[in-house]
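Heads up: the structure comes next, in structure tokens.
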Amino acid sequence: MEKQKFQLEFDMKGTPVPLLWSYISSASGLKEWFADAVEVNGKRYTFYWNKLPQTATVISIRNEVSIRWRWDDETSRAYFELKIAVDEFTDTASLILTDFAEPSDMDDSKELWEAQIGGLQGMLGC
């Protein structure tokens with residue numbers, strides 16, 4: 001079955017864009033909330049959970065706006081992306097997640113991301 005795209009949006013209440021960017025794009029930032037450890041070698045990121053590695057390659061990056069990865073073992077065109085959106089009227093940042101999941105795994109995938117980014121929000125005081 002083909003994976004389906006989904007998006008989730010998270011209010012990052014008053015978090016400065018450069019700070020948020022560092023948490024979603026750098027190895028040190030990502031290891032604070034996304035994975036147990038992260039190594040970056042060029043465009044390849046290796047994420048570790050319970051000492052097990054999973055690699056992803058950056059396929060698109062716009063500094064302080066968005067970063068998109070594709071898991072190296074992904075056979076479809078699926079990707080996951082973290083994008084910072086700033087409301088022009090309130091000047092507040094949101095983090096928009098785009099990912100893909102099998103229909104039967106959709107709820108679990110959303111819950112995982114909500115927990116992960118919820119942890120980031122807690123760290124940043126959102």
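Residue numbers start at 1 in each chain; chains themselves are named A, B, ... in the order of the structure tokens; ligands are numbered from 1 in the order shown.
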
Sel. of strand (DSSP E) residues, chain A, as a ChimeraX atom specification
/A:4-11,37-41,44-49,52-62,66-71,80-86,93-101

Non-local contacts of Phe6 of chain A (9 Å; only C-alpha atoms; under 5 positions in same chain excluded) as a count of residues only
7

Might you pull out every residue within 10 Å of Glu32 of chain A, with only C-alpha atoms counted and same-chain residues fewer than 3 positions away left off, and present them as a PyMOL selection string?
chain A and resi 23-24+27-29+35-38+119-120+123

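One finds atom CA of Asp107 of chain A at 25.3 Å from atom CA of Thr46 of chain A.
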
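The neighbours of Leu95 of chain A here are the residues that come within 7 Å of it, using only C-alpha atoms and leaving out any residue fewer than 3 positions away in the same chain; they are Glu9, Phe10, Asp11, Met12, Leu82, Lys83, Ile84 and Ala85 of chain A.
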
Would you put the residues from that selection into a file with all heavy atoms, as an mmCIF file, in the first residue's frame?
data_model
loop_
_atom_site.group_PDB
_atom_site.id
_atom_site.type_symbol
_atom_site.label_atom_id
_atom_site.label_comp_id
_atom_site.auth_asym_id
_atom_site.auth_seq_id
_atom_site.Cartn_x
_atom_site.Cartn_y
_atom_site.Cartn_z
ATOM 1 N N GLU A 9 0.979 20.906 12.569
ATOM 2 C CA GLU A 9 1.518 22.230 12.850
ATOM 3 C C GLU A 9 1.578 22.439 14.357
ATOM 4 O O GLU A 9 0.635 22.100 15.080
ATOM 5 C CB GLU A 9 0.656 23.316 12.209
ATOM 6 C CG GLU A 9 1.231 24.698 12.355
ATOM 7 C CD GLU A 9 0.533 25.751 11.514
ATOM 8 O OE1 GLU A 9 -0.235 25.382 10.610
ATOM 9 O OE2 GLU A 9 0.768 26.938 11.771
ATOM 10 N N PHE A 10 2.702 23.008 14.818
ATOM 11 C CA PHE A 10 2.941 23.203 16.238
ATOM 12 C C PHE A 10 3.301 24.656 16.495
ATOM 13 O O PHE A 10 4.189 25.201 15.845
ATOM 14 C CB PHE A 10 4.090 22.302 16.709
ATOM 15 C CG PHE A 10 3.839 20.839 16.472
ATOM 16 C CD1 PHE A 10 4.202 20.247 15.262
ATOM 17 C CD2 PHE A 10 3.223 20.063 17.435
ATOM 18 C CE1 PHE A 10 3.960 18.901 15.035
ATOM 19 C CE2 PHE A 10 2.980 18.718 17.211
ATOM 20 C CZ PHE A 10 3.346 18.138 16.009
ATOM 21 N N ASP A 11 2.631 25.268 17.458
ATOM 22 C CA ASP A 11 2.902 26.650 17.850
ATOM 23 C C ASP A 11 4.188 26.680 18.664
ATOM 24 O O ASP A 11 4.316 25.970 19.661
ATOM 25 C CB ASP A 11 1.736 27.189 18.675
ATOM 26 C CG ASP A 11 1.881 28.663 19.014
ATOM 27 O OD1 ASP A 11 2.867 29.298 18.598
ATOM 28 O OD2 ASP A 11 0.980 29.188 19.708
ATOM 29 N N MET A 12 5.141 27.484 18.243
ATOM 30 C CA MET A 12 6.431 27.554 18.940
ATOM 31 C C MET A 12 6.562 28.873 19.704
ATOM 32 O O MET A 12 7.662 29.398 19.881
ATOM 33 C CB MET A 12 7.573 27.364 17.929
ATOM 34 C CG MET A 12 7.513 26.047 17.167
ATOM 35 S SD MET A 12 7.317 24.566 18.186
ATOM 36 C CE MET A 12 8.936 24.409 18.887
ATOM 37 N N LEU A 82 10.765 19.426 8.217
ATOM 38 C CA LEU A 82 10.464 20.360 9.286
ATOM 39 C C LEU A 82 10.603 21.757 8.701
ATOM 40 O O LEU A 82 11.649 22.099 8.129
ATOM 41 C CB LEU A 82 11.420 20.166 10.462
ATOM 42 C CG LEU A 82 11.306 18.810 11.159
ATOM 43 C CD1 LEU A 82 12.475 18.601 12.110
ATOM 44 C CD2 LEU A 82 9.981 18.700 11.896
ATOM 45 N N LYS A 83 9.532 22.548 8.823
ATOM 46 C CA LYS A 83 9.496 23.870 8.203
ATOM 47 C C LYS A 83 9.050 24.902 9.235
ATOM 48 O O LYS A 83 8.090 24.677 9.972
ATOM 49 C CB LYS A 83 8.508 23.864 7.031
ATOM 50 C CG LYS A 83 8.406 25.176 6.304
ATOM 51 C CD LYS A 83 7.453 25.052 5.126
ATOM 52 C CE LYS A 83 7.352 26.348 4.366
ATOM 53 N NZ LYS A 83 6.453 26.226 3.218
ATOM 54 N N ILE A 84 9.762 26.004 9.271
ATOM 55 C CA ILE A 84 9.413 27.102 10.169
ATOM 56 C C ILE A 84 8.567 28.108 9.390
ATOM 57 O O ILE A 84 8.971 28.572 8.322
ATOM 58 C CB ILE A 84 10.680 27.794 10.704
ATOM 59 C CG1 ILE A 84 11.548 26.792 11.477
ATOM 60 C CG2 ILE A 84 10.308 28.994 11.580
ATOM 61 C CD1 ILE A 84 12.935 27.313 11.819
ATOM 62 N N ALA A 85 7.404 28.427 9.920
ATOM 63 C CA ALA A 85 6.532 29.432 9.325
ATOM 64 C C ALA A 85 6.353 30.547 10.346
ATOM 65 O O ALA A 85 6.106 30.283 11.526
ATOM 66 C CB ALA A 85 5.183 28.826 8.956
#

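Between atom CA of Gly125 of chain A and atom CA of Val40 of chain A there is a distance of 26.7 Å.
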
Among the residues A:Thr92, A:Ser25, A:Ser76, A:Asn41, the one that comes closest to Arg62 of chain A [using only C-alpha atoms]:
A:Ser25

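Nearest to Gly122 of chain A of all the residues A:Trp49, A:Phe89, A:Trp33, A:Tyr79 is A:Trp33, counting only C-alpha atoms.
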
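The gap separating atom CA of Ile61 of chain A from atom CA of Leu112 of chain A is 23.3 Å, in Å to one decimal.
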
Could you go through chain A and tell me which residues DSSP, when run on the backbone, assigns to alpha helix (DSSP H), listing them as a ChimeraX atom specification?
/A:17-25,27-33,106-124

Nearest to Ser94 of chain A, chosen from A:Ile59, A:Glu2, A:Pro53, A:Ser66, with only C-alpha atoms counted in the distances:
A:Ser66
